[in-house]
Amino acid sequence: MLATLRRKNLHTWLGGYARHLVRRARTPRVAGPRHLLFALCDHYEPLHGDVPHAVGVDRVRAWQQRYPEAVRGFRDADGRPPRHSFFFPGEQYHPEFMDRLAELVRGGYGEVEVHLHHDGDTAGTLRAQLDRHLAAMARHGHLSRGADGRLRWAFIHGNWALANPRPGGYQCGVDDELEVLFDAGCYADFTFPSAPDDTQPNIVNAIYWPVGDLRAPRCYEHGEPARVGVVRHDRLLLIQGPLCLAYKPTGARVRIENGALTGVDPPTARRVRSWVAQNIHVDGRPEWVFVKVFTHGCPEDTAASLLGDGARALHEAIGGMYNDGRRWRLHYVTAREMYNVVRAALDGKAGDPNDYRDYAIPPPPVAT
């Protein structure tokens with residue numbers, strides 16, 4: 001048993017999961033409709049597997065051409081189609097990739113954010129990479145701008161290695177990465193959960209501010225829950241997706257449910273229920289429930305699911321269970337829109353979260 005716990009790295013987060021279950025049981029019941037904010041965040045890597053550039057072009061073209069048809073007929077309570085967040089790796093930048101994704105953004109099907117794999121860096125070398133990649137993506141109209149003209153963006157770390165969690169700077173190297181990201185314009189990180197990877201924090205199913213020494217490795221292990229009335233303007237926000245132990249109909253009967261959509265583990269109604277059941281919300285606003293799931297959508301096996309039967313299964317389940325207008329209202333959101341609704345909650349806003357999609361961070365130029 002101990003060997004299994006170690007192999008799956010459950011020892012890194014089971015304590016946090018137990019605390020989450022206690023908090024969830026104490027959450028007040030909500031009268032009236034609840035609102036489900038659903039975001040699909042894609043570690044969107046056209047060159048995943050070190051494939052030739054031509055293969056990457058084919059992968060992006062498949063999404064450009066097939067995604068609108070895959071989600072045709074599905075709408076949320078606001079009349080919007082499913083919204084895909086393409087977290088694009090800066091080191092794989094190519095103009096054709098950006099231009100093809102821009103067509104999907106203009107069609108209302110999603111937005112592009114920032115993903116990065118890096119290794120053995122310093123704060124200085126990381127900042128130089130970010131500035132270069134951000135400028136390249138912005139030339140195509142991607143990424144938002146604040147009122148001061150600065151680029152504003154959401155982030156997912158490649159290989160889960162946020163804030164230098166591995167020995168020897170492997171796959172990162174920057175202890176103070178959260179500060180570097182924030183100074184470069186990042187408003188929220190969407191990296192976690194990463195279980196069963198050993199980078200998984202002992203905070204689960206949470207929206208929280210990192211606290212403590214932000215220059216220390218794995219500083220994301222220490223957090224203050226996001227709550228109505230408290231906004232920190234000096235650091236980025238961490239928005240986690242669902243993580244739980246869930247029933248498995250075959251084999252060992254228990255699985256780690258981390259919200260990952262793959263070709264061999266497609267979405268099902270059972271999985272959707274487990275995501276929503278984690279009840280991720282801002283303290284003081286329990287009627288707004290946030291579900292962020294993730295995928296690596298470019299490789300052919302996963303793309304085949306998400307551009308075909310997997311997409312239909314996902315949206316039929318979500319719409320069928322969480323958009324009746326009486327108990328639940330569904331809102332498809334991008335990562336940026338999810339952050340904006342969280343920010344509205346922190347500022348004490350209530351009612352229909354559709355009113356706050358652009359609350360703090362405006363849409364990227366290519367979408368307007």
# chains A, B, ... in the order shown; residues from 1 in each chain; ligands from 1
$ residues_around --residues "Thr295 of chain A" --least-positions-apart "5" --cutoff "9 Å" --atoms "only C-alpha atoms" --output "list in words"
Leu40, Cys41, Asp42, His43, Tyr44, Gly259, Ala260, Leu261, Thr262 and Thr302 of chain A
$ residues_around --residues "segment 337-342 of chain A" --least-positions-apart "4" --cutoff "9 Å" --atoms "only C-alpha atoms" --output "ChimeraX atom specification"
/A:37-39,154,187-188,207,226,237,239,281-282,288,290,292,333,346-347,349,353-363
$ write_last_selection --atoms "C-alpha atoms" --output "compact mmCIF listing (two decimals), in the first residue's frame"
# COMPACT_ATOMS: atom_id res chain seq x y z
CA LEU A 37 -18.40 28.21 -15.17
CA PHE A 38 -16.72 25.66 -17.43
CA ALA A 39 -13.30 26.13 -19.07
CA ALA A 154 -2.85 33.53 -18.29
CA TYR A 187 -2.71 37.60 -13.96
CA ALA A 188 -3.45 33.92 -13.23
CA ILE A 207 -8.77 29.20 -6.09
CA ALA A 226 -9.83 33.52 -2.61
CA LEU A 237 -3.95 34.15 -8.72
CA ILE A 239 -6.99 28.70 -10.34
CA HIS A 281 -15.72 28.42 -5.69
CA VAL A 282 -14.71 31.74 -4.17
CA TRP A 288 -20.73 30.26 -8.74
CA PHE A 290 -15.77 26.78 -11.36
CA LYS A 292 -11.37 23.92 -15.24
CA VAL A 333 -15.78 30.50 -20.52
CA LEU A 346 -13.75 38.96 -5.06
CA ASP A 347 -15.14 42.47 -5.51
CA LYS A 349 -20.38 41.13 -7.43
CA PRO A 353 -21.72 35.80 -14.00
CA ASN A 354 -22.28 36.35 -17.73
CA ASP A 355 -22.20 40.07 -16.88
CA TYR A 356 -18.56 39.81 -15.81
CA ARG A 357 -16.80 37.95 -18.63
CA ASP A 358 -14.74 41.07 -19.40
CA TYR A 359 -14.75 42.50 -15.88
CA ALA A 360 -11.02 43.12 -15.28
CA ILE A 361 -9.15 41.90 -18.39
CA PRO A 362 -10.56 42.86 -21.82
CA PRO A 363 -10.72 40.47 -24.79
$ closest_residue --among "A:Arg285, A:Arg227, A:His11, A:Arg336" --to "Tyr208 of chain A" --atoms "only C-alpha atoms"
A:Arg227
$ residues_around --residues "segment 45-57 of chain A" --least-positions-apart "6" --cutoff "10 Å" --atoms "only C-alpha atoms" --output "mmCIF file with N, CA, C and O atoms, in the first residue's frame"
data_model
loop_
_atom_site.group_PDB
_atom_site.id
_atom_site.type_symbol
_atom_site.label_atom_id
_atom_site.label_comp_id
_atom_site.auth_asym_id
_atom_site.auth_seq_id
_atom_site.Cartn_x
_atom_site.Cartn_y
_atom_site.Cartn_z
ATOM 1 N N PHE A 86 -6.556 27.916 -25.766
ATOM 2 C CA PHE A 86 -5.365 27.334 -26.384
ATOM 3 C C PHE A 86 -4.128 27.923 -25.693
ATOM 4 O O PHE A 86 -3.681 29.023 -26.036
ATOM 5 N N PHE A 87 -3.581 27.198 -24.718
ATOM 6 C CA PHE A 87 -2.352 27.640 -24.062
ATOM 7 C C PHE A 87 -1.189 27.212 -24.944
ATOM 8 O O PHE A 87 -0.774 26.058 -24.950
ATOM 9 N N PHE A 88 -0.688 28.178 -25.709
ATOM 10 C CA PHE A 88 0.266 27.877 -26.772
ATOM 11 C C PHE A 88 1.701 28.008 -26.264
ATOM 12 O O PHE A 88 2.066 29.026 -25.661
ATOM 13 N N PRO A 89 2.561 27.001 -26.520
ATOM 14 C CA PRO A 89 3.955 27.064 -26.058
ATOM 15 C C PRO A 89 4.767 28.059 -26.881
ATOM 16 O O PRO A 89 4.909 27.901 -28.102
ATOM 17 N N GLY A 90 5.286 29.056 -26.204
ATOM 18 C CA GLY A 90 6.026 30.100 -26.908
ATOM 19 C C GLY A 90 7.178 29.578 -27.725
ATOM 20 O O GLY A 90 7.487 30.092 -28.808
ATOM 21 N N GLU A 91 7.827 28.502 -27.240
ATOM 22 C CA GLU A 91 8.989 27.983 -27.951
ATOM 23 C C GLU A 91 8.615 27.282 -29.251
ATOM 24 O O GLU A 91 9.492 26.964 -30.053
ATOM 25 N N GLN A 92 7.301 27.058 -29.486
ATOM 26 C CA GLN A 92 6.850 26.450 -30.740
ATOM 27 C C GLN A 92 6.213 27.478 -31.673
ATOM 28 O O GLN A 92 5.540 27.116 -32.647
ATOM 29 N N TYR A 93 6.448 28.743 -31.418
ATOM 30 C CA TYR A 93 5.829 29.796 -32.230
ATOM 31 C C TYR A 93 6.146 29.646 -33.722
ATOM 32 O O TYR A 93 7.263 29.381 -34.121
ATOM 33 N N HIS A 94 5.095 29.824 -34.500
ATOM 34 C CA HIS A 94 5.229 29.977 -35.950
ATOM 35 C C HIS A 94 4.041 30.804 -36.419
ATOM 36 O O HIS A 94 2.914 30.588 -35.956
ATOM 37 N N GLU A 96 2.099 30.758 -38.958
ATOM 38 C CA GLU A 96 0.940 30.046 -39.493
ATOM 39 C C GLU A 96 0.079 29.470 -38.373
ATOM 40 O O GLU A 96 -1.153 29.489 -38.458
ATOM 41 N N PHE A 97 0.714 28.973 -37.318
ATOM 42 C CA PHE A 97 -0.065 28.466 -36.184
ATOM 43 C C PHE A 97 -0.923 29.579 -35.596
ATOM 44 O O PHE A 97 -2.117 29.403 -35.316
ATOM 45 N N ARG A 100 -3.916 30.676 -37.923
ATOM 46 C CA ARG A 100 -5.016 29.705 -37.981
ATOM 47 C C ARG A 100 -5.839 29.735 -36.686
ATOM 48 O O ARG A 100 -7.066 29.667 -36.724
ATOM 49 N N HIS A 115 1.786 29.178 -22.719
ATOM 50 C CA HIS A 115 2.327 27.927 -22.205
ATOM 51 C C HIS A 115 3.827 27.994 -22.465
ATOM 52 O O HIS A 115 4.259 28.627 -23.436
ATOM 53 N N LEU A 116 4.623 27.414 -21.599
ATOM 54 C CA LEU A 116 6.065 27.488 -21.817
ATOM 55 C C LEU A 116 6.761 26.303 -21.160
ATOM 56 O O LEU A 116 6.522 25.995 -19.999
ATOM 57 N N HIS A 296 -4.205 17.764 -23.743
ATOM 58 C CA HIS A 296 -3.149 18.019 -24.729
ATOM 59 C C HIS A 296 -3.793 17.712 -26.083
ATOM 60 O O HIS A 296 -3.741 16.584 -26.573
ATOM 61 N N GLY A 297 -4.416 18.712 -26.667
ATOM 62 C CA GLY A 297 -5.343 18.486 -27.758
ATOM 63 C C GLY A 297 -4.749 18.301 -29.136
ATOM 64 O O GLY A 297 -5.483 17.930 -30.057
ATOM 65 N N CYS A 298 -3.450 18.550 -29.300
ATOM 66 C CA CYS A 298 -2.888 18.451 -30.643
ATOM 67 C C CYS A 298 -2.593 17.032 -31.117
ATOM 68 O O CYS A 298 -2.862 16.714 -32.286
ATOM 69 N N PRO A 299 -2.012 16.163 -30.289
ATOM 70 C CA PRO A 299 -1.742 14.804 -30.777
ATOM 71 C C PRO A 299 -2.985 14.135 -31.340
ATOM 72 O O PRO A 299 -4.097 14.339 -30.841
#
$ select_by_dssp --residues "segment 86-138 of chain A" --states "alpha helix (DSSP H)" --output "list of chain:residue names"
A:Pro95, A:Glu96, A:Phe97, A:Met98, A:Asp99, A:Arg100, A:Leu101, A:Ala102, A:Glu103, A:Leu104, A:Val105, A:Arg106, A:Ala123, A:Gly124, A:Thr125, A:Leu126, A:Arg127, A:Ala128, A:Gln129, A:Leu130, A:Asp131, A:Arg132, A:His133, A:Leu134, A:Ala135, A:Ala136, A:Met137, A:Ala138
$ write_last_selection --atoms "N, CA, C and O atoms" --output "compact mmCIF listing (two decimals), in the first residue's frame"
# COMPACT_ATOMS: atom_id res chain seq x y z
N PRO A 95 4.25 31.75 -37.34
CA PRO A 95 3.14 32.63 -37.75
C PRO A 95 1.91 31.87 -38.24
O PRO A 95 0.78 32.28 -37.95
N GLU A 96 2.10 30.76 -38.96
CA GLU A 96 0.94 30.05 -39.49
C GLU A 96 0.08 29.47 -38.37
O GLU A 96 -1.15 29.49 -38.46
N PHE A 97 0.71 28.97 -37.32
CA PHE A 97 -0.07 28.47 -36.18
C PHE A 97 -0.92 29.58 -35.60
O PHE A 97 -2.12 29.40 -35.32
N MET A 98 -0.32 30.73 -35.39
CA MET A 98 -1.04 31.85 -34.76
C MET A 98 -2.19 32.34 -35.63
O MET A 98 -3.28 32.66 -35.14
N ASP A 99 -1.96 32.41 -36.93
CA ASP A 99 -2.99 32.91 -37.83
C ASP A 99 -4.18 31.96 -37.93
O ASP A 99 -5.34 32.39 -37.99
N ARG A 100 -3.92 30.68 -37.92
CA ARG A 100 -5.02 29.71 -37.98
C ARG A 100 -5.84 29.74 -36.69
O ARG A 100 -7.07 29.67 -36.72
N LEU A 101 -5.17 29.84 -35.55
CA LEU A 101 -5.91 29.94 -34.29
C LEU A 101 -6.70 31.25 -34.21
O LEU A 101 -7.77 31.29 -33.61
N ALA A 102 -6.19 32.29 -34.85
CA ALA A 102 -6.90 33.57 -34.84
C ALA A 102 -8.28 33.43 -35.49
O ALA A 102 -9.24 34.12 -35.08
N GLU A 103 -8.41 32.57 -36.47
CA GLU A 103 -9.72 32.38 -37.10
C GLU A 103 -10.72 31.79 -36.11
O GLU A 103 -11.90 32.18 -36.10
N LEU A 104 -10.27 30.87 -35.27
CA LEU A 104 -11.16 30.31 -34.26
C LEU A 104 -11.53 31.35 -33.22
O LEU A 104 -12.67 31.42 -32.76
N VAL A 105 -10.57 32.18 -32.84
CA VAL A 105 -10.85 33.23 -31.86
C VAL A 105 -11.88 34.22 -32.41
O VAL A 105 -12.85 34.57 -31.74
N ARG A 106 -11.70 34.62 -33.67
CA ARG A 106 -12.65 35.56 -34.28
C ARG A 106 -14.04 34.95 -34.39
O ARG A 106 -15.05 35.68 -34.35
N ALA A 123 15.96 34.03 -13.48
CA ALA A 123 14.89 35.01 -13.63
C ALA A 123 15.11 35.86 -14.87
O ALA A 123 14.17 36.17 -15.61
N GLY A 124 16.36 36.22 -15.13
CA GLY A 124 16.66 37.06 -16.28
C GLY A 124 16.43 36.36 -17.60
O GLY A 124 15.84 36.94 -18.53
N THR A 125 16.90 35.12 -17.73
CA THR A 125 16.71 34.42 -19.00
C THR A 125 15.24 34.06 -19.22
O THR A 125 14.76 34.08 -20.35
N LEU A 126 14.52 33.76 -18.14
CA LEU A 126 13.09 33.48 -18.29
C LEU A 126 12.36 34.73 -18.75
O LEU A 126 11.52 34.66 -19.67
N ARG A 127 12.65 35.87 -18.16
CA ARG A 127 11.96 37.10 -18.56
C ARG A 127 12.24 37.44 -20.02
O ARG A 127 11.35 37.87 -20.76
N ALA A 128 13.47 37.20 -20.47
CA ALA A 128 13.80 37.48 -21.87
C ALA A 128 12.98 36.57 -22.80
O ALA A 128 12.48 37.03 -23.84
N GLN A 129 12.85 35.30 -22.44
CA GLN A 129 12.03 34.39 -23.24
C GLN A 129 10.58 34.86 -23.29
O GLN A 129 9.96 34.89 -24.35
N LEU A 130 10.04 35.17 -22.12
CA LEU A 130 8.64 35.60 -22.06
C LEU A 130 8.42 36.84 -22.93
O LEU A 130 7.46 36.89 -23.72
N ASP A 131 9.28 37.83 -22.80
CA ASP A 131 9.10 39.06 -23.58
C ASP A 131 9.12 38.77 -25.08
O ASP A 131 8.32 39.32 -25.85
N ARG A 132 10.01 37.89 -25.49
CA ARG A 132 10.11 37.55 -26.91
C ARG A 132 8.86 36.82 -27.40
O ARG A 132 8.28 37.15 -28.43
N HIS A 133 8.41 35.82 -26.64
CA HIS A 133 7.24 35.04 -27.05
C HIS A 133 5.96 35.87 -26.99
O HIS A 133 5.10 35.77 -27.88
N LEU A 134 5.82 36.68 -25.96
CA LEU A 134 4.62 37.51 -25.84
C LEU A 134 4.51 38.48 -27.01
O LEU A 134 3.43 38.67 -27.59
N ALA A 135 5.62 39.10 -27.37
CA ALA A 135 5.60 40.04 -28.48
C ALA A 135 5.22 39.35 -29.78
O ALA A 135 4.45 39.89 -30.59
N ALA A 136 5.73 38.13 -29.98
CA ALA A 136 5.41 37.40 -31.21
C ALA A 136 3.93 37.06 -31.27
O ALA A 136 3.28 37.23 -32.32
N MET A 137 3.37 36.58 -30.19
CA MET A 137 1.95 36.22 -30.17
C MET A 137 1.07 37.45 -30.33
O MET A 137 0.03 37.41 -31.01
N ALA A 138 1.47 38.54 -29.72
CA ALA A 138 0.67 39.77 -29.79
C ALA A 138 0.63 40.35 -31.19
O ALA A 138 -0.33 41.03 -31.55
$ select_by_dssp --residues "segment 307-352 of chain A" --states "strand (DSSP E or B)" --output "PyMOL selection string"
chain A and resi 328-332
$ atom_distance --atom1 "atom CA of Trp153 of chain A" --atom2 "atom CA of Asp119 of chain A"
21.2 Å
$ closest_residue --among "A:Val230, A:Leu151, A:Met321, A:Ala163" --to "Ala184 of chain A" --atoms "only C-alpha atoms"
A:Leu151
$ closest_residue --among "A:Ala311, A:Arg72, A:His35, A:Thr12" --to "Glu221 of chain A" --atoms "only C-alpha atoms"
A:Thr12
$ atom_distance --atom1 "atom CA of Lys8 of chain A" --atom2 "atom CA of Ile156 of chain A"
22.0 Å
$ atom_distance --atom1 "atom CA of Trp63 of chain A" --atom2 "atom CA of Tyr332 of chain A"
18.2 Å
$ residues_around --residues "Ala269 of chain A" --least-positions-apart "6" --cutoff "8 Å" --atoms "only C-alpha atoms" --output "PyMOL selection string"
chain A and resi 313-314+317-318
$ closest_residue --among "A:Leu236, A:Ser194, A:Tyr220, A:Ala161" --to "Glu257 of chain A" --atoms "only C-alpha atoms"
A:Ser194
$ residues_around --residues "Tyr109 of chain A" --least-positions-apart "6" --cutoff "8 Å" --atoms "only C-alpha atoms" --output "CSV table (one decimal) with C-alpha atoms, in the first residue's frame"
chain,number,residue,atom,x,y,z
A,68,PRO,CA,-16.7,24.6,-35.2
A,81,PRO,CA,-20.7,27.9,-28.0
A,82,PRO,CA,-18.1,25.9,-26.1
A,83,ARG,CA,-15.0,28.1,-25.6
A,84,HIS,CA,-11.5,26.5,-25.9
$ closest_residue --among "A:Val174, A:Cys186, A:Val291, A:Leu36" --to "Ala77 of chain A" --atoms "only C-alpha atoms"
A:Leu36
$ decode --residues "segment 159-172 of chain A" --atoms "all heavy atoms" --output "PDB file, in the first residue's frame"
ATOM      1  N   ASN A 159       5.301  20.773 -18.418  1.00  0.00           N
ATOM      2  CA  ASN A 159       5.793  19.710 -17.547  1.00  0.00           C
ATOM      3  C   ASN A 159       5.465  19.948 -16.073  1.00  0.00           C
ATOM      4  O   ASN A 159       6.118  19.375 -15.192  1.00  0.00           O
ATOM      5  CB  ASN A 159       7.311  19.519 -17.717  1.00  0.00           C
ATOM      6  CG  ASN A 159       7.693  19.211 -19.141  1.00  0.00           C
ATOM      7  OD1 ASN A 159       7.170  18.287 -19.752  1.00  0.00           O
ATOM      8  ND2 ASN A 159       8.588  20.000 -19.702  1.00  0.00           N
ATOM      9  N   TRP A 160       4.480  20.816 -15.811  1.00  0.00           N
ATOM     10  CA  TRP A 160       3.970  21.065 -14.453  1.00  0.00           C
ATOM     11  C   TRP A 160       5.000  21.728 -13.541  1.00  0.00           C
ATOM     12  O   TRP A 160       4.757  21.859 -12.334  1.00  0.00           O
ATOM     13  CB  TRP A 160       3.516  19.759 -13.788  1.00  0.00           C
ATOM     14  CG  TRP A 160       2.752  18.826 -14.652  1.00  0.00           C
ATOM     15  CD1 TRP A 160       3.137  17.595 -15.066  1.00  0.00           C
ATOM     16  CD2 TRP A 160       1.448  19.027 -15.220  1.00  0.00           C
ATOM     17  NE1 TRP A 160       2.168  17.012 -15.851  1.00  0.00           N
ATOM     18  CE2 TRP A 160       1.119  17.871 -15.950  1.00  0.00           C
ATOM     19  CE3 TRP A 160       0.521  20.074 -15.160  1.00  0.00           C
ATOM     20  CZ2 TRP A 160      -0.076  17.713 -16.634  1.00  0.00           C
ATOM     21  CZ3 TRP A 160      -0.675  19.921 -15.839  1.00  0.00           C
ATOM     22  CH2 TRP A 160      -0.961  18.764 -16.569  1.00  0.00           C
ATOM     23  N   ALA A 161       6.134  22.164 -14.079  1.00  0.00           N
ATOM     24  CA  ALA A 161       7.278  22.529 -13.227  1.00  0.00           C
ATOM     25  C   ALA A 161       7.259  23.993 -12.804  1.00  0.00           C
ATOM     26  O   ALA A 161       8.277  24.690 -12.872  1.00  0.00           O
ATOM     27  CB  ALA A 161       8.579  22.187 -13.941  1.00  0.00           C
ATOM     28  N   LEU A 162       6.132  24.471 -12.332  1.00  0.00           N
ATOM     29  CA  LEU A 162       6.001  25.855 -11.878  1.00  0.00           C
ATOM     30  C   LEU A 162       6.852  26.094 -10.631  1.00  0.00           C
ATOM     31  O   LEU A 162       6.861  25.289  -9.703  1.00  0.00           O
ATOM     32  CB  LEU A 162       4.535  26.153 -11.569  1.00  0.00           C
ATOM     33  CG  LEU A 162       4.188  27.578 -11.143  1.00  0.00           C
ATOM     34  CD1 LEU A 162       4.350  28.535 -12.320  1.00  0.00           C
ATOM     35  CD2 LEU A 162       2.753  27.640 -10.595  1.00  0.00           C
ATOM     36  N   ALA A 163       7.561  27.215 -10.623  1.00  0.00           N
ATOM     37  CA  ALA A 163       8.319  27.652  -9.442  1.00  0.00           C
ATOM     38  C   ALA A 163       9.362  26.629  -9.002  1.00  0.00           C
ATOM     39  O   ALA A 163       9.573  26.403  -7.813  1.00  0.00           O
ATOM     40  CB  ALA A 163       7.372  27.998  -8.286  1.00  0.00           C
ATOM     41  N   ASN A 164      10.015  26.014  -9.984  1.00  0.00           N
ATOM     42  CA  ASN A 164      11.217  25.216  -9.754  1.00  0.00           C
ATOM     43  C   ASN A 164      11.034  24.105  -8.722  1.00  0.00           C
ATOM     44  O   ASN A 164      11.759  24.037  -7.723  1.00  0.00           O
ATOM     45  CB  ASN A 164      12.365  26.134  -9.308  1.00  0.00           C
ATOM     46  CG  ASN A 164      13.727  25.537  -9.635  1.00  0.00           C
ATOM     47  OD1 ASN A 164      13.859  24.726 -10.547  1.00  0.00           O
ATOM     48  ND2 ASN A 164      14.734  25.946  -8.891  1.00  0.00           N
ATOM     49  N   PRO A 165      10.110  23.178  -8.950  1.00  0.00           N
ATOM     50  CA  PRO A 165       9.834  22.156  -7.942  1.00  0.00           C
ATOM     51  C   PRO A 165      10.761  20.951  -7.966  1.00  0.00           C
ATOM     52  O   PRO A 165      10.711  20.127  -7.050  1.00  0.00           O
ATOM     53  CB  PRO A 165       8.410  21.720  -8.305  1.00  0.00           C
ATOM     54  CG  PRO A 165       8.378  21.852  -9.806  1.00  0.00           C
ATOM     55  CD  PRO A 165       9.215  23.067 -10.119  1.00  0.00           C
ATOM     56  N   ARG A 166      11.605  20.845  -8.997  1.00  0.00           N
ATOM     57  CA  ARG A 166      12.418  19.634  -9.153  1.00  0.00           C
ATOM     58  C   ARG A 166      13.895  19.931  -8.882  1.00  0.00           C
ATOM     59  O   ARG A 166      14.360  21.061  -9.105  1.00  0.00           O
ATOM     60  CB  ARG A 166      12.238  19.058 -10.555  1.00  0.00           C
ATOM     61  CG  ARG A 166      10.799  18.601 -10.830  1.00  0.00           C
ATOM     62  CD  ARG A 166      10.705  17.796 -12.107  1.00  0.00           C
ATOM     63  NE  ARG A 166       9.413  17.164 -12.222  1.00  0.00           N
ATOM     64  CZ  ARG A 166       8.451  17.541 -13.069  1.00  0.00           C
ATOM     65  NH1 ARG A 166       8.656  18.545 -13.900  1.00  0.00           N
ATOM     66  NH2 ARG A 166       7.294  16.903 -13.094  1.00  0.00           N
ATOM     67  N   PRO A 167      14.654  18.930  -8.444  1.00  0.00           N
ATOM     68  CA  PRO A 167      16.073  19.157  -8.127  1.00  0.00           C
ATOM     69  C   PRO A 167      16.859  19.631  -9.341  1.00  0.00           C
ATOM     70  O   PRO A 167      16.587  19.245 -10.480  1.00  0.00           O
ATOM     71  CB  PRO A 167      16.555  17.772  -7.663  1.00  0.00           C
ATOM     72  CG  PRO A 167      15.314  17.049  -7.229  1.00  0.00           C
ATOM     73  CD  PRO A 167      14.223  17.545  -8.143  1.00  0.00           C
ATOM     74  N   GLY A 168      17.850  20.461  -9.075  1.00  0.00           N
ATOM     75  CA  GLY A 168      18.784  20.873 -10.108  1.00  0.00           C
ATOM     76  C   GLY A 168      18.222  21.805 -11.160  1.00  0.00           C
ATOM     77  O   GLY A 168      18.832  21.976 -12.218  1.00  0.00           O
ATOM     78  N   GLY A 169      17.072  22.418 -10.901  1.00  0.00           N
ATOM     79  CA  GLY A 169      16.486  23.330 -11.877  1.00  0.00           C
ATOM     80  C   GLY A 169      15.900  22.643 -13.082  1.00  0.00           C
ATOM     81  O   GLY A 169      15.608  23.284 -14.098  1.00  0.00           O
ATOM     82  N   TYR A 170      15.692  21.314 -12.984  1.00  0.00           N
ATOM     83  CA  TYR A 170      15.181  20.548 -14.111  1.00  0.00           C
ATOM     84  C   TYR A 170      13.802  21.047 -14.516  1.00  0.00           C
ATOM     85  O   TYR A 170      12.900  21.165 -13.697  1.00  0.00           O
ATOM     86  CB  TYR A 170      15.141  19.071 -13.730  1.00  0.00           C
ATOM     87  CG  TYR A 170      14.617  18.154 -14.798  1.00  0.00           C
ATOM     88  CD1 TYR A 170      15.197  18.129 -16.073  1.00  0.00           C
ATOM     89  CD2 TYR A 170      13.561  17.291 -14.543  1.00  0.00           C
ATOM     90  CE1 TYR A 170      14.724  17.278 -17.057  1.00  0.00           C
ATOM     91  CE2 TYR A 170      13.077  16.427 -15.515  1.00  0.00           C
ATOM     92  CZ  TYR A 170      13.667  16.428 -16.773  1.00  0.00           C
ATOM     93  OH  TYR A 170      13.196  15.581 -17.758  1.00  0.00           O
ATOM     94  N   GLN A 171      13.651  21.379 -15.790  1.00  0.00           N
ATOM     95  CA  GLN A 171      12.404  21.841 -16.406  1.00  0.00           C
ATOM     96  C   GLN A 171      11.905  23.163 -15.843  1.00  0.00           C
ATOM     97  O   GLN A 171      10.748  23.527 -16.027  1.00  0.00           O
ATOM     98  CB  GLN A 171      11.323  20.760 -16.299  1.00  0.00           C
ATOM     99  CG  GLN A 171      11.690  19.506 -17.073  1.00  0.00           C
ATOM    100  CD  GLN A 171      10.685  18.395 -16.943  1.00  0.00           C
ATOM    101  OE1 GLN A 171       9.948  18.313 -15.967  1.00  0.00           O
ATOM    102  NE2 GLN A 171      10.628  17.517 -17.938  1.00  0.00           N
ATOM    103  N   CYS A 172      12.789  23.901 -15.168  1.00  0.00           N
ATOM    104  CA  CYS A 172      12.438  25.255 -14.717  1.00  0.00           C
ATOM    105  C   CYS A 172      13.721  26.004 -14.360  1.00  0.00           C
ATOM    106  O   CYS A 172      14.343  26.591 -15.205  1.00  0.00           O
ATOM    107  CB  CYS A 172      11.460  25.225 -13.533  1.00  0.00           C
ATOM    108  SG  CYS A 172      10.921  26.896 -13.044  1.00  0.00           S
TER     109      CYS A 172
END
